[in-house]
>>> print(open('target_34.cif').read())   # mmCIF, C-alpha atoms
data_target
#
loop_
_atom_site.label_atom_id
_atom_site.label_comp_id
_atom_site.auth_asym_id
_atom_site.auth_seq_id
_atom_site.Cartn_x
_atom_site.Cartn_y
_atom_site.Cartn_z
CA MET Y 1 -41.50 27.30 -14.85
CA SER Y 2 -37.84 26.31 -14.77
CA GLU Y 3 -36.81 22.71 -14.12
CA LYS Y 4 -36.66 21.63 -10.48
CA ARG Y 5 -33.13 21.71 -9.12
CA ASN Y 6 -31.91 19.61 -6.20
CA LEU Y 7 -28.66 19.62 -4.27
CA ILE Y 8 -27.84 15.99 -3.54
CA ASP Y 9 -24.12 15.99 -4.24
CA ILE Y 10 -21.81 19.01 -4.36
CA THR Y 11 -21.05 18.18 -8.00
CA ASP Y 12 -24.69 19.00 -8.81
CA LEU Y 13 -23.41 22.59 -8.78
CA SER Y 14 -20.90 23.84 -11.33
CA VAL Y 15 -17.81 25.73 -10.21
CA ALA Y 16 -19.40 28.90 -11.60
CA GLU Y 17 -22.61 28.30 -9.64
CA ILE Y 18 -20.64 27.78 -6.43
CA GLY Y 19 -18.80 31.03 -7.12
CA ALA Y 20 -22.12 32.82 -7.59
CA LEU Y 21 -23.49 31.35 -4.34
CA ILE Y 22 -20.42 32.53 -2.46
CA ALA Y 23 -20.83 36.01 -3.93
CA THR Y 24 -24.49 36.08 -2.86
CA ALA Y 25 -23.58 34.85 0.62
CA GLU Y 26 -20.96 37.59 0.95
CA ASP Y 27 -23.60 40.15 -0.04
CA ILE Y 28 -26.07 38.70 2.47
CA ALA Y 29 -23.45 38.97 5.21
CA ALA Y 30 -22.82 42.61 4.28
CA ASN Y 31 -26.45 43.63 3.63
CA PRO Y 32 -28.82 41.30 5.50
CA ALA Y 33 -31.75 43.73 5.41
CA LYS Y 34 -31.81 43.56 1.63
CA TYR Y 35 -32.86 39.90 1.83
CA GLU Y 36 -35.29 39.92 4.76
CA ASN Y 37 -38.39 39.41 2.59
CA ALA Y 38 -36.79 37.44 -0.23
CA CYS Y 39 -38.72 34.25 0.60
CA ALA Y 40 -41.90 35.74 2.02
CA HIS Y 41 -44.80 33.22 1.86
CA LYS Y 42 -42.43 30.35 1.05
CA GLN Y 43 -42.12 27.32 3.30
CA LEU Y 44 -39.03 25.25 4.06
CA ALA Y 45 -39.56 21.74 5.43
CA THR Y 46 -36.69 20.33 7.49
CA LEU Y 47 -36.99 16.54 7.54
CA PHE Y 48 -34.38 15.32 9.97
CA PHE Y 49 -34.50 11.55 10.37
CA GLU Y 50 -31.31 11.82 12.42
CA PRO Y 51 -30.54 14.29 15.23
CA SER Y 52 -28.74 17.52 14.40
CA THR Y 53 -28.41 20.84 16.15
CA ARG Y 54 -26.36 22.98 13.85
CA THR Y 55 -27.54 22.01 10.40
CA ARG Y 56 -31.26 22.01 11.16
CA LEU Y 57 -31.16 25.27 13.08
CA SER Y 58 -28.95 26.79 10.41
CA PHE Y 59 -31.49 25.93 7.71
CA GLU Y 60 -34.38 27.19 9.81
CA SER Y 61 -32.54 30.36 10.77
CA ALA Y 62 -31.65 30.92 7.10
CA MET Y 63 -35.26 30.60 5.96
CA LEU Y 64 -36.56 32.83 8.75
CA ALA Y 65 -33.95 35.48 7.88
CA LEU Y 66 -35.30 35.37 4.32
CA GLY Y 67 -38.83 36.04 5.57
CA GLY Y 68 -40.07 32.51 4.93
CA GLY Y 69 -41.66 29.91 7.18
CA VAL Y 70 -40.40 26.55 8.44
CA LEU Y 71 -42.00 23.23 9.33
CA GLY Y 72 -40.72 19.71 9.84
CA PHE Y 73 -39.47 17.20 12.37
CA SER Y 74 -36.17 16.67 14.14
CA GLU Y 75 -36.03 12.90 14.59
CA ALA Y 76 -37.43 9.84 12.83
CA ALA Y 77 -39.41 8.82 15.91
CA SER Y 78 -41.69 11.85 15.50
CA SER Y 79 -42.42 11.12 11.82
CA SER Y 80 -44.43 8.42 10.07
CA THR Y 81 -41.15 6.61 9.41
CA SER Y 82 -41.66 5.07 12.84
CA LYS Y 83 -44.85 3.52 11.40
CA GLY Y 84 -42.94 2.08 8.47
CA GLU Y 85 -43.50 4.81 5.89
CA THR Y 86 -40.94 4.95 3.09
CA VAL Y 87 -38.77 7.96 2.35
CA GLY Y 88 -40.59 8.36 -0.97
CA ASP Y 89 -44.04 8.52 0.63
CA THR Y 90 -42.88 10.91 3.35
CA VAL Y 91 -41.35 13.27 0.83
CA HIS Y 92 -44.30 13.01 -1.55
CA THR Y 93 -46.56 14.09 1.31
CA VAL Y 94 -44.35 16.92 2.56
CA SER Y 95 -43.83 18.30 -0.92
CA CYS Y 96 -47.58 19.07 -0.89
CA TYR Y 97 -47.02 21.41 2.08
CA ALA Y 98 -43.63 23.00 1.44
CA ASP Y 99 -41.82 24.81 -1.36
CA ILE Y 100 -38.43 23.29 -0.60
CA ILE Y 101 -37.16 20.42 1.57
CA ALA Y 102 -33.92 20.02 3.51
CA MET Y 103 -33.44 16.40 4.50
CA ARG Y 104 -31.04 14.53 6.75
CA HIS Y 105 -31.16 10.74 6.86
CA PRO Y 106 -28.91 8.04 8.34
CA LYS Y 107 -29.04 5.95 5.15
CA GLU Y 108 -26.72 6.78 2.28
CA GLY Y 109 -28.54 7.91 -0.85
CA ALA Y 110 -31.84 8.67 0.92
CA PRO Y 111 -31.97 12.24 -0.50
CA TYR Y 112 -31.31 10.85 -3.99
CA ALA Y 113 -34.28 8.54 -3.48
CA ALA Y 114 -36.36 11.42 -2.11
CA ALA Y 115 -35.66 13.56 -5.17
CA GLN Y 116 -37.34 10.92 -7.35
CA PHE Y 117 -40.62 11.41 -5.50
CA SER Y 118 -40.60 15.10 -4.62
CA GLU Y 119 -42.44 17.85 -6.46
CA VAL Y 120 -40.15 20.48 -4.88
CA PRO Y 121 -36.36 20.91 -4.60
CA ILE Y 122 -34.55 18.57 -2.22
CA ILE Y 123 -31.44 19.65 -0.34
CA ASN Y 124 -29.27 16.90 1.09
CA ALA Y 125 -28.56 17.95 4.67
CA GLY Y 126 -26.41 14.86 5.25
CA ASP Y 127 -26.96 11.22 4.30
CA GLY Y 128 -25.21 8.78 6.60
CA GLY Y 129 -21.46 8.79 6.09
CA HIS Y 130 -21.87 9.71 2.44
CA ASN Y 131 -22.32 13.39 1.55
CA HIS Y 132 -23.08 16.71 3.18
CA PRO Y 133 -23.01 19.31 0.39
CA THR Y 134 -24.30 22.32 2.35
CA GLN Y 135 -21.52 21.83 4.88
CA THR Y 136 -19.18 21.87 1.90
CA LEU Y 137 -20.64 25.15 0.69
CA THR Y 138 -20.14 26.45 4.24
CA ASP Y 139 -16.52 25.25 4.20
CA LEU Y 140 -15.89 26.82 0.80
CA LEU Y 141 -17.36 30.15 1.88
CA THR Y 142 -15.21 30.09 5.02
CA ILE Y 143 -12.05 29.27 3.05
CA HIS Y 144 -12.90 32.04 0.62
CA ARG Y 145 -13.47 34.56 3.39
CA GLU Y 146 -10.35 33.53 5.31
CA LYS Y 147 -7.93 32.99 2.41
CA GLY Y 148 -9.46 35.19 -0.25
CA ARG Y 149 -9.35 32.32 -2.76
CA LEU Y 150 -10.39 28.72 -3.37
CA ASP Y 151 -7.26 27.57 -5.19
CA ASN Y 152 -3.51 27.07 -4.78
CA PHE Y 153 -3.18 25.78 -1.22
CA THR Y 154 -2.40 22.63 0.73
CA ILE Y 155 -5.27 21.30 2.80
CA GLY Y 156 -5.00 18.58 5.43
CA PHE Y 157 -7.98 16.46 6.44
CA CYS Y 158 -7.58 14.83 9.85
CA GLY Y 159 -9.55 12.18 11.73
CA ASP Y 160 -12.37 10.04 10.40
CA LEU Y 161 -11.93 10.23 6.65
CA LYS Y 162 -13.84 7.01 6.00
CA PHE Y 163 -17.24 7.97 7.36
CA GLY Y 164 -16.67 11.75 7.38
CA ARG Y 165 -19.23 12.87 4.83
CA THR Y 166 -18.10 16.50 5.07
CA VAL Y 167 -14.63 15.37 4.02
CA HIS Y 168 -15.95 13.45 1.00
CA SER Y 169 -17.97 16.39 -0.28
CA LEU Y 170 -15.19 18.93 0.28
CA VAL Y 171 -12.60 16.75 -1.47
CA ASN Y 172 -14.99 16.50 -4.43
CA ALA Y 173 -15.50 20.26 -4.52
CA LEU Y 174 -11.82 21.19 -4.17
CA SER Y 175 -10.81 18.67 -6.83
CA ARG Y 176 -12.34 21.09 -9.34
CA GLN Y 177 -10.12 23.98 -8.24
CA HIS Y 178 -6.59 24.67 -9.46
CA GLY Y 179 -3.45 23.93 -7.48
CA VAL Y 180 -4.96 22.21 -4.44
CA LYS Y 181 -2.79 19.59 -2.72
CA PHE Y 182 -4.47 17.15 -0.34
CA VAL Y 183 -2.95 15.57 2.79
CA PHE Y 184 -5.06 12.87 4.43
CA ILE Y 185 -4.26 12.21 8.10
CA SER Y 186 -6.04 9.23 9.62
CA PRO Y 187 -5.58 5.87 11.30
CA GLU Y 188 -5.51 2.91 8.90
CA GLU Y 189 -9.10 1.93 9.73
CA LEU Y 190 -10.51 5.38 8.88
CA LYS Y 191 -8.71 6.15 5.63
CA LEU Y 192 -10.41 7.94 2.75
CA PRO Y 193 -12.57 5.47 0.72
CA ASP Y 194 -10.96 4.04 -2.41
CA TYR Y 195 -13.75 5.31 -4.67
CA LEU Y 196 -12.78 8.89 -3.86
CA LYS Y 197 -9.09 8.24 -4.38
CA ASP Y 198 -9.71 6.39 -7.65
CA ASN Y 199 -12.53 8.43 -9.15
CA VAL Y 200 -11.68 11.91 -7.96
CA LEU Y 201 -8.00 12.21 -7.11
CA LYS Y 202 -6.17 9.66 -9.30
CA LYS Y 203 -8.51 10.11 -12.23
CA ASN Y 204 -7.78 13.86 -12.31
CA GLY Y 205 -4.08 13.50 -11.53
CA LEU Y 206 -4.40 15.49 -8.30
CA PRO Y 207 -1.53 15.43 -5.80
CA TYR Y 208 -2.29 13.81 -2.47
CA GLU Y 209 -0.54 11.99 0.34
CA GLU Y 210 -1.72 9.82 3.20
CA THR Y 211 -0.17 9.73 6.64
CA SER Y 212 -1.09 8.77 10.18
CA SER Y 213 0.95 11.59 11.77
CA LEU Y 214 -0.67 14.97 12.36
CA GLU Y 215 2.61 16.30 13.81
CA GLU Y 216 4.53 15.50 10.62
CA ALA Y 217 1.88 16.88 8.31
CA ILE Y 218 1.00 20.14 10.05
CA PRO Y 219 3.96 22.39 9.00
CA GLN Y 220 3.07 22.21 5.29
CA LEU Y 221 -0.65 22.98 5.68
CA ASP Y 222 -2.47 26.17 4.71
CA ILE Y 223 -5.79 24.74 5.91
CA LEU Y 224 -6.39 22.02 8.51
CA TYR Y 225 -9.81 20.39 8.44
CA MET Y 226 -10.35 18.48 11.69
CA THR Y 227 -13.16 15.92 12.04
CA ARG Y 228 -14.82 14.02 14.83
CA VAL Y 229 -14.71 10.24 15.00
CA GLN Y 230 -18.44 9.60 14.81
CA LYS Y 231 -19.75 7.04 17.27
CA GLU Y 232 -22.99 6.61 15.29
CA ARG Y 233 -21.08 5.27 12.25
CA PHE Y 234 -19.58 2.27 14.05
CA PHE Y 235 -21.26 -1.10 14.25
CA ASN Y 236 -18.78 -2.10 16.95
CA GLU Y 237 -18.40 0.19 19.99
CA ALA Y 238 -14.99 -1.26 20.88
CA ASP Y 239 -13.61 0.05 17.56
CA TYR Y 240 -15.02 3.50 18.31
CA ILE Y 241 -13.45 3.62 21.76
CA ARG Y 242 -10.09 2.50 20.37
CA LEU Y 243 -10.06 5.17 17.64
CA LYS Y 244 -11.93 8.16 19.06
CA ASP Y 245 -8.98 10.00 20.60
CA THR Y 246 -6.38 9.25 17.93
CA TYR Y 247 -5.92 12.95 17.12
CA VAL Y 248 -6.22 15.88 19.49
CA LEU Y 249 -5.21 19.29 18.17
CA ASP Y 250 -3.80 21.40 20.97
CA THR Y 251 -1.73 24.58 21.23
CA GLU Y 252 1.51 22.58 21.36
CA LYS Y 253 0.82 20.83 18.06
CA LEU Y 254 0.15 24.22 16.47
CA VAL Y 255 3.65 25.55 17.27
CA PRO Y 256 5.24 24.40 13.96
CA ALA Y 257 2.15 25.34 11.91
CA LYS Y 258 2.03 28.28 9.50
CA LYS Y 259 1.10 31.64 10.99
CA ASP Y 260 -1.79 31.99 8.56
CA LEU Y 261 -3.08 28.42 8.94
CA CYS Y 262 -6.87 28.23 8.82
CA ILE Y 263 -8.36 25.62 11.19
CA LEU Y 264 -11.78 24.31 10.21
CA HIS Y 265 -14.11 21.78 11.83
CA PRO Y 266 -17.68 20.97 10.77
CA LEU Y 267 -18.62 20.60 14.48
CA PRO Y 268 -19.76 19.26 16.85
CA ARG Y 269 -16.36 18.48 18.36
CA VAL Y 270 -15.71 16.07 21.16
CA ASN Y 271 -12.02 15.94 22.11
CA GLU Y 272 -10.29 16.46 18.79
CA ILE Y 273 -9.69 20.20 19.25
CA ALA Y 274 -8.65 21.41 22.70
CA VAL Y 275 -10.79 24.29 23.95
CA ALA Y 276 -7.62 26.41 24.34
CA VAL Y 277 -7.26 26.44 20.54
CA ASP Y 278 -10.47 28.49 20.34
CA GLN Y 279 -8.45 31.54 21.41
CA ASP Y 280 -5.95 31.10 18.57
CA SER Y 281 -6.57 33.56 15.73
CA ARG Y 282 -6.17 30.67 13.28
CA ALA Y 283 -9.29 28.92 14.60
CA ALA Y 284 -12.06 29.59 12.07
CA TYR Y 285 -14.64 26.99 13.07
CA TRP Y 286 -16.97 29.36 14.91
CA LYS Y 287 -16.97 31.65 11.88
CA GLN Y 288 -17.88 28.56 9.86
CA VAL Y 289 -21.11 28.23 11.82
CA LYS Y 290 -22.20 31.76 10.94
CA ASN Y 291 -21.14 31.34 7.34
CA GLY Y 292 -23.36 28.23 7.18
CA LYS Y 293 -26.42 30.40 7.61
CA TYR Y 294 -25.39 32.87 4.88
CA ILE Y 295 -24.61 30.20 2.31
CA ARG Y 296 -27.83 28.29 3.06
CA MET Y 297 -29.77 31.53 2.53
CA ALA Y 298 -28.08 31.91 -0.85
CA LEU Y 299 -28.80 28.27 -1.73
CA ILE Y 300 -32.48 28.39 -0.74
CA MET Y 301 -32.94 31.47 -2.93
CA LYS Y 302 -31.18 29.84 -5.85
CA LEU Y 303 -33.20 26.61 -5.71
CA LEU Y 304 -36.44 28.58 -5.39
CA GLY Y 305 -35.42 30.71 -8.37
CA ILE Y 306 -35.49 33.93 -6.34
CA ARG Y 307 -33.20 36.79 -7.32
CA ILE Y 308 -32.70 40.04 -5.44
CA MET Z 1 -23.40 -33.01 -32.92
CA ASN Z 2 -26.28 -31.67 -34.96
CA ILE Z 3 -28.21 -28.59 -33.89
CA ASP Z 4 -30.81 -27.33 -36.31
CA SER Z 5 -30.79 -23.79 -37.58
CA ILE Z 6 -33.59 -21.70 -36.21
CA GLN Z 7 -36.26 -20.03 -38.37
CA ASN Z 8 -37.35 -17.14 -36.18
CA GLY Z 9 -35.45 -16.22 -33.09
CA VAL Z 10 -32.19 -14.99 -31.62
CA VAL Z 11 -28.65 -16.31 -31.69
CA LEU Z 12 -26.23 -15.05 -29.06
CA ASP Z 13 -22.74 -15.53 -30.44
CA HIS Z 14 -19.21 -14.92 -29.23
CA ILE Z 15 -20.03 -15.75 -25.64
CA GLN Z 16 -16.90 -16.29 -23.59
CA ALA Z 17 -16.41 -20.07 -23.29
CA GLY Z 18 -18.02 -21.43 -20.15
CA LYS Z 19 -20.25 -18.40 -19.53
CA SER Z 20 -23.37 -19.48 -21.41
CA MET Z 21 -25.11 -20.90 -18.34
CA ASP Z 22 -24.65 -17.61 -16.50
CA ILE Z 23 -26.29 -15.79 -19.39
CA TYR Z 24 -29.06 -18.40 -19.46
CA LYS Z 25 -29.71 -17.53 -15.85
CA TYR Z 26 -29.43 -13.71 -16.15
CA LEU Z 27 -31.80 -13.61 -19.15
CA ARG Z 28 -34.20 -16.04 -17.41
CA LEU Z 29 -34.28 -18.29 -20.44
CA SER Z 30 -35.58 -21.12 -18.28
CA GLU Z 31 -38.92 -19.31 -18.31
CA LEU Z 32 -39.30 -19.70 -22.08
CA ASP Z 33 -41.46 -22.48 -23.59
CA CYS Z 34 -39.54 -22.59 -26.88
CA SER Z 35 -36.43 -24.59 -27.73
CA VAL Z 36 -33.21 -23.12 -26.36
CA ALA Z 37 -29.87 -24.62 -27.40
CA ILE Z 38 -26.74 -23.97 -25.38
CA ILE Z 39 -23.65 -24.90 -27.32
CA LYS Z 40 -20.46 -24.89 -25.34
CA ASN Z 41 -16.82 -24.83 -26.35
CA VAL Z 42 -17.37 -24.20 -30.06
CA ARG Z 43 -14.12 -23.70 -31.97
CA SER Z 44 -13.60 -20.05 -32.88
CA ALA Z 45 -10.89 -18.47 -35.02
CA ARG Z 46 -11.08 -15.23 -33.02
CA MET Z 47 -11.66 -16.53 -29.51
CA GLY Z 48 -10.18 -20.02 -29.56
CA LYS Z 49 -13.31 -21.38 -27.91
CA LYS Z 50 -16.70 -19.78 -27.45
CA ASP Z 51 -20.26 -20.55 -26.38
CA ILE Z 52 -23.41 -19.95 -28.43
CA ILE Z 53 -27.05 -19.76 -27.35
CA LYS Z 54 -29.86 -20.26 -29.88
CA ILE Z 55 -33.38 -19.26 -28.92
CA ASP Z 56 -36.07 -20.60 -31.26
CA SER Z 57 -38.57 -17.80 -30.74
CA PRO Z 58 -38.65 -14.08 -31.51
CA MET Z 59 -37.96 -12.32 -28.21
CA GLU Z 60 -36.76 -8.99 -26.96
CA VAL Z 61 -33.33 -9.56 -25.50
CA ASP Z 62 -32.48 -7.12 -22.74
CA LEU Z 63 -29.42 -5.59 -24.36
CA ASP Z 64 -28.54 -3.69 -21.18
CA VAL Z 65 -28.29 -6.92 -19.23
CA LEU Z 66 -26.30 -8.58 -21.95
CA GLY Z 67 -24.04 -5.57 -22.48
CA TYR Z 68 -23.33 -5.49 -18.77
CA ILE Z 69 -22.52 -9.21 -18.63
CA ASP Z 70 -20.28 -9.19 -21.69
CA PRO Z 71 -20.16 -6.35 -24.25
CA ASP Z 72 -18.29 -8.61 -26.69
CA ILE Z 73 -21.34 -10.82 -27.30
CA THR Z 74 -23.07 -10.37 -30.66
CA VAL Z 75 -26.84 -10.66 -30.95
CA ASN Z 76 -28.18 -12.03 -34.25
CA ILE Z 77 -31.86 -11.64 -35.07
CA ILE Z 78 -33.17 -14.43 -37.33
CA ARG Z 79 -36.30 -14.12 -39.51
CA ASP Z 80 -37.42 -16.92 -41.87
CA GLY Z 81 -34.10 -18.65 -41.40
CA VAL Z 82 -32.10 -15.57 -42.41
CA ARG Z 83 -30.07 -13.22 -40.22
CA VAL Z 84 -31.75 -9.81 -40.59
CA GLU Z 85 -29.85 -7.90 -37.93
CA LYS Z 86 -26.57 -8.19 -36.07
CA LYS Z 87 -26.26 -6.11 -32.92
CA HIS Z 88 -22.98 -5.26 -31.24
CA LEU Z 89 -23.18 -4.44 -27.58
CA GLU Z 90 -21.54 -1.91 -25.34
CA LEU Z 91 -21.42 -1.35 -21.62
CA PRO Z 92 -24.68 0.46 -20.78
CA GLN Z 93 -24.38 3.88 -19.13
CA LYS Z 94 -27.13 3.06 -16.66
CA LEU Z 95 -28.38 -0.22 -15.15
CA VAL Z 96 -31.83 -0.28 -13.58
CA ASN Z 97 -32.79 -3.27 -11.42
CA ILE Z 98 -30.12 -5.52 -12.92
CA ILE Z 99 -27.65 -5.51 -10.06
CA HIS Z 100 -28.25 -4.50 -6.46
CA CYS Z 101 -26.24 -2.63 -3.87
CA LYS Z 102 -24.79 -4.65 -0.99
CA ASN Z 103 -23.77 -1.67 1.15
CA PRO Z 104 -25.74 -2.16 4.39
CA ARG Z 105 -25.82 1.63 4.82
CA CYS Z 106 -27.45 2.22 1.42
CA ILE Z 107 -31.12 3.31 1.34
CA THR Z 108 -31.85 0.69 -1.35
CA VAL Z 109 -31.00 -2.07 1.14
CA ALA Z 110 -33.36 -0.59 3.74
CA GLU Z 111 -36.07 0.10 1.12
CA PRO Z 112 -35.70 -2.62 -1.53
CA GLN Z 113 -38.74 -1.41 -3.48
CA LEU Z 114 -36.64 1.50 -4.78
CA ASP Z 115 -35.18 1.07 -8.24
CA ALA Z 116 -31.61 -0.22 -7.98
CA ILE Z 117 -29.71 2.23 -10.19
CA PHE Z 118 -26.06 1.84 -11.14
CA LEU Z 119 -24.09 4.22 -13.35
CA LEU Z 120 -21.09 3.31 -15.49
CA ASN Z 121 -18.06 4.45 -13.57
CA ASP Z 122 -14.99 3.24 -15.41
CA PRO Z 123 -15.47 1.54 -18.81
CA GLU Z 124 -11.89 0.23 -18.79
CA ARG Z 125 -12.24 -1.52 -15.45
CA HIS Z 126 -15.90 -2.39 -16.17
CA THR Z 127 -17.00 -0.84 -12.90
CA TYR Z 128 -20.32 0.67 -11.94
CA ARG Z 129 -21.29 2.76 -8.93
CA CYS Z 130 -24.54 2.82 -7.03
CA ALA Z 131 -26.36 6.07 -7.90
CA TYR Z 132 -27.51 6.34 -4.27
CA CYS Z 133 -24.41 5.64 -2.19
CA ASP Z 134 -21.53 5.51 -4.72
CA THR Z 135 -20.53 1.97 -3.76
CA GLU Z 136 -18.52 0.51 -6.61
CA LYS Z 137 -19.38 -2.79 -8.21
CA ARG Z 138 -17.35 -4.71 -10.74
CA ARG Z 139 -19.00 -6.55 -13.59
CA ALA Z 140 -20.55 -9.81 -12.44
CA LEU Z 141 -18.79 -12.18 -14.85
#
>>> encode(input="target_34.cif", output="C-alpha cells")
Amino acid sequence: MSEKRNLIDITDLSVAEIGALIATAEDIAANPAKYENACAHKQLATLFFEPSTRTRLSFESAMLALGGGVLGFSEAASSSTSKGETVGDTVHTVSCYADIIAMRHPKEGAPYAAAQFSEVPIINAGDGGHNHPTQTLTDLLTIHREKGRLDNFTIGFCGDLKFGRTVHSLVNALSRQHGVKFVFISPEELKLPDYLKDNVLKKNGLPYEETSSLEEAIPQLDILYMTRVQKERFFNEADYIRLKDTYVLDTEKLVPAKKDLCILHPLPRVNEIAVAVDQDSRAAYWKQVKNGKYIRMALIMKLLGIRI
Amino acid sequence: MNIDSIQNGVVLDHIQAGKSMDIYKYLRLSELDCSVAIIKNVRSARMGKKDIIKIDSPMEVDLDVLGYIDPDITVNIIRDGVRVEKKHLELPQKLVNIIHCKNPRCITVAEPQLDAIFLLNDPERHTYRCAYCDTEKRRAL
C-alpha cells in the first residue's frame, strides 16, 4: 500500500500534482458520469469543529457524486470535543470508521496535529486564520478556467489579508508560478502577515506592492480576490465594527477595471461585493462554488489512490 | 583561580561570555549530582571573552538544545582525563519540545500535550517556525 498522503498546506502538493488535479477536475466537469462510482464503498468523514455551509456541503456533495458515503458532524458542540476530547483522540476514533477525513477547526495547526494520529488521509478544510488549501485548489481551478493559465498576471487581494486563510494559501500557491505580480489591498491592521512576505515573497524575489486604496489598484489587475472581514477572528468586537466595511466593490469601482478582469471571492460575502456586481460578466465567484466540488472530487480520488 | 581538570565528563567551550547560566538552565544541570563548574569571562584569543562549563560526569548532552541556543559552542567529551571527541554544533533542522508556541490561536496552546515542533526557517536570521501555525520564533539567546 502506498504511503498515506495528507493535504494540510497547499505546498504539500507539487506544481505538477496541482496541474494534474486541475486536469482531472476539468474532465469531471465535462464527463461526470464517468466518475459516479469511483469511490463506491468508501466513506468520507467531515469533522467540522467550526460552522461552514459551503466547504462541508462541497466535500459531501463531492463524495456523493463519486458514489461514496459521508458521515461526520457540523459543529464542535455535537462532538466529544464538548466533553474535552482532544483532536488526536477524535481523529484516531474517526479514522476507524472512515477512509478519508476532511477537517475544519478554529485552532491553527489542528489538521497538522490530526495527521499525526490518523490512520487515513487528512484534508485541511480550514484551520483558524491559517490555511485553507482546498479553497486554494478551487481558486486555482477557477483562474485556470477563466484565464486559461495560472501564470503571467497581476492579482489583487483585498480586505482581510491578516486572518484571511484563503489569501495565505493562494499566495503560497501562486508564488510557485511564473510571472505573477501581487497587489495587497488592506487597512493597516489587516495587512498580510510578515512571515508570508518574508518567507514566500521576498525570499523568492517576487514582485508585490501594498496599498490601502482599492480604487488606485484596480486598473492594473487581471484578477481581483475579494475577502470578507471575519468577525470570528477578532478578539475585540469594536475593531471588527470599525474595519468591516472598509472595502465595498460596486459597479462604479469597476468602471476603470480591465474588461477581462476576473473577480473572485471565497464566500460567504457580507457587504464587500454589492449584489449588483453579480450581473457583471467579470464576476466569477458563483462559478468558484461549482468548481470547488469538481476539484474536491479530484482531490478525494487522488488521496485515496483511485484512478479512472 | 584553580579548577581541576575532569576525568570523565563533558566540557562545553566557546560559550558566549555571560550566557553560561542560561545554558545551565536549559540543560537542567541543576538536576545533576556531580560537580559542575561554571567559569565565566575566560580570556579567549578568538572571542575576547568566553564562558566554559565543565561537567564531571559522563552524560548525554542534548545537542539539539545546545545547537539551538548557540551553534558556536564546542562540546568536548573527556574520558580518563583525555579529550576523546570534539563536537561542533549546527542549528538543528527540527526542535521537538524545546521551545513552545505563544500564538494563542495555535492548537498547541489549546492542547499542550501535543509535541511542540519547530522547523528551521532561516539559518541566517536564526529563526524557526511553528510546524502547526507557522508562527516565527527567533533564537532564545
>>> residues_around(input="target_34.cif", residues="stretch 64-66 of chain Z", least_positions_apart="5", cutoff="8 Å", atoms="all atoms listed in the file", output="list in words")
Ile23, Tyr26, Leu27, Pro71, Ile73, Leu89, Leu91, Pro92, Leu95 and Ile98 of chain Z
>>> resolve_selection(input="target_34.cif", expression="the PyMOL selection byres ((chain Y) within 7 of (chain Z))", output="list in words")
Lys107, Glu108, Gly109, Ala110, Tyr112 and His130 of chain Y
>>> residues_around(input="target_34.cif", residues="Y:Asp198", least_positions_apart="6", cutoff="12 Å", atoms="all atoms listed in the file", output="list of chain:residue names")
Y:Asn172, Y:Leu192, Y:Asn204, Y:Gly205, Y:Leu206, Y:Tyr208, Z:Asn121, Z:Asp122, Z:Arg125, Z:Thr127, Z:Glu136
>>> write_last_selection(input="target_34.cif", atoms="C-alpha atoms", output="compact mmCIF listing (two decimals), keeping the file's coordinate frame")
# COMPACT_ATOMS: atom_id res chain seq x y z
CA ASN Y 172 -14.99 16.50 -4.43
CA LEU Y 192 -10.41 7.94 2.75
CA ASN Y 204 -7.78 13.86 -12.31
CA GLY Y 205 -4.08 13.50 -11.53
CA LEU Y 206 -4.40 15.49 -8.30
CA TYR Y 208 -2.29 13.81 -2.47
CA ASN Z 121 -18.06 4.45 -13.57
CA ASP Z 122 -14.99 3.24 -15.41
CA ARG Z 125 -12.24 -1.52 -15.45
CA THR Z 127 -17.00 -0.84 -12.90
CA GLU Z 136 -18.52 0.51 -6.61
>>> resolve_selection(input="target_34.cif", expression="the PyMOL selection byres ((chain Y and resi 72) around 8)", output="list in words")
Ala45, Thr46, Leu47, Phe48, Val70, Leu71, Phe73 and Ser74 of chain Y
>>> resolve_selection(input="target_34.cif", expression="the PyMOL selection byres ((chain Z and resi 8) around 9)", output="JSON, numbers by chain")
{"Z": [6, 7, 9, 10, 55, 56, 57, 58, 77, 78, 79, 80, 81, 82]}
>>> residues_around(input="target_34.cif", residues="Y:Asp89", least_positions_apart="3", cutoff="10 Å", atoms="only C-alpha atoms", output="list in words")
Ser80, Thr81, Glu85, Thr86, His92, Thr93, Val94, Ser95, Ala114, Phe117 and Ser118 of chain Y
>>> atom_distance(input="target_34.cif", atom1="atom CA of Y:Lys258", atom2="atom CA of Y:Ala29")
28.0 Å
>>> closest_residue(input="target_34.cif", among="Y:Arg104, Y:Asp160, Y:Val167, Y:Pro193", to="Y:Arg54", atoms="only C-alpha atoms")
Y:Arg104
>>> decode(input="target_34.cif", residues="stretch 45-52 of chain Z", atoms="N, CA and C atoms", output="PDB file, in the first residue's frame")
ATOM      1  N   ALA Z  45      41.461  33.992  22.737  1.00  0.00           N
ATOM      2  CA  ALA Z  45      42.081  34.669  21.596  1.00  0.00           C
ATOM      3  C   ALA Z  45      41.040  34.939  20.511  1.00  0.00           C
ATOM      4  N   ARG Z  46      40.120  33.970  20.313  1.00  0.00           N
ATOM      5  CA  ARG Z  46      39.148  34.090  19.224  1.00  0.00           C
ATOM      6  C   ARG Z  46      37.957  34.975  19.588  1.00  0.00           C
ATOM      7  N   MET Z  47      37.516  34.846  20.860  1.00  0.00           N
ATOM      8  CA  MET Z  47      36.262  35.506  21.230  1.00  0.00           C
ATOM      9  C   MET Z  47      36.447  36.720  22.133  1.00  0.00           C
ATOM     10  N   GLY Z  48      37.680  36.973  22.563  1.00  0.00           N
ATOM     11  CA  GLY Z  48      37.892  38.033  23.540  1.00  0.00           C
ATOM     12  C   GLY Z  48      37.643  37.496  24.935  1.00  0.00           C
ATOM     13  N   LYS Z  49      36.359  37.243  25.220  1.00  0.00           N
ATOM     14  CA  LYS Z  49      35.976  36.597  26.478  1.00  0.00           C
ATOM     15  C   LYS Z  49      35.001  35.473  26.160  1.00  0.00           C
ATOM     16  N   LYS Z  50      35.014  34.451  26.986  1.00  0.00           N
ATOM     17  CA  LYS Z  50      34.075  33.350  26.775  1.00  0.00           C
ATOM     18  C   LYS Z  50      33.743  32.716  28.127  1.00  0.00           C
ATOM     19  N   ASP Z  51      32.705  31.898  28.136  1.00  0.00           N
ATOM     20  CA  ASP Z  51      32.365  31.100  29.312  1.00  0.00           C
ATOM     21  C   ASP Z  51      32.639  29.630  29.002  1.00  0.00           C
ATOM     22  N   ILE Z  52      32.893  28.866  30.062  1.00  0.00           N
ATOM     23  CA  ILE Z  52      33.112  27.421  29.927  1.00  0.00           C
ATOM     24  C   ILE Z  52      32.285  26.723  31.007  1.00  0.00           C
TER      25      ILE Z  52
END
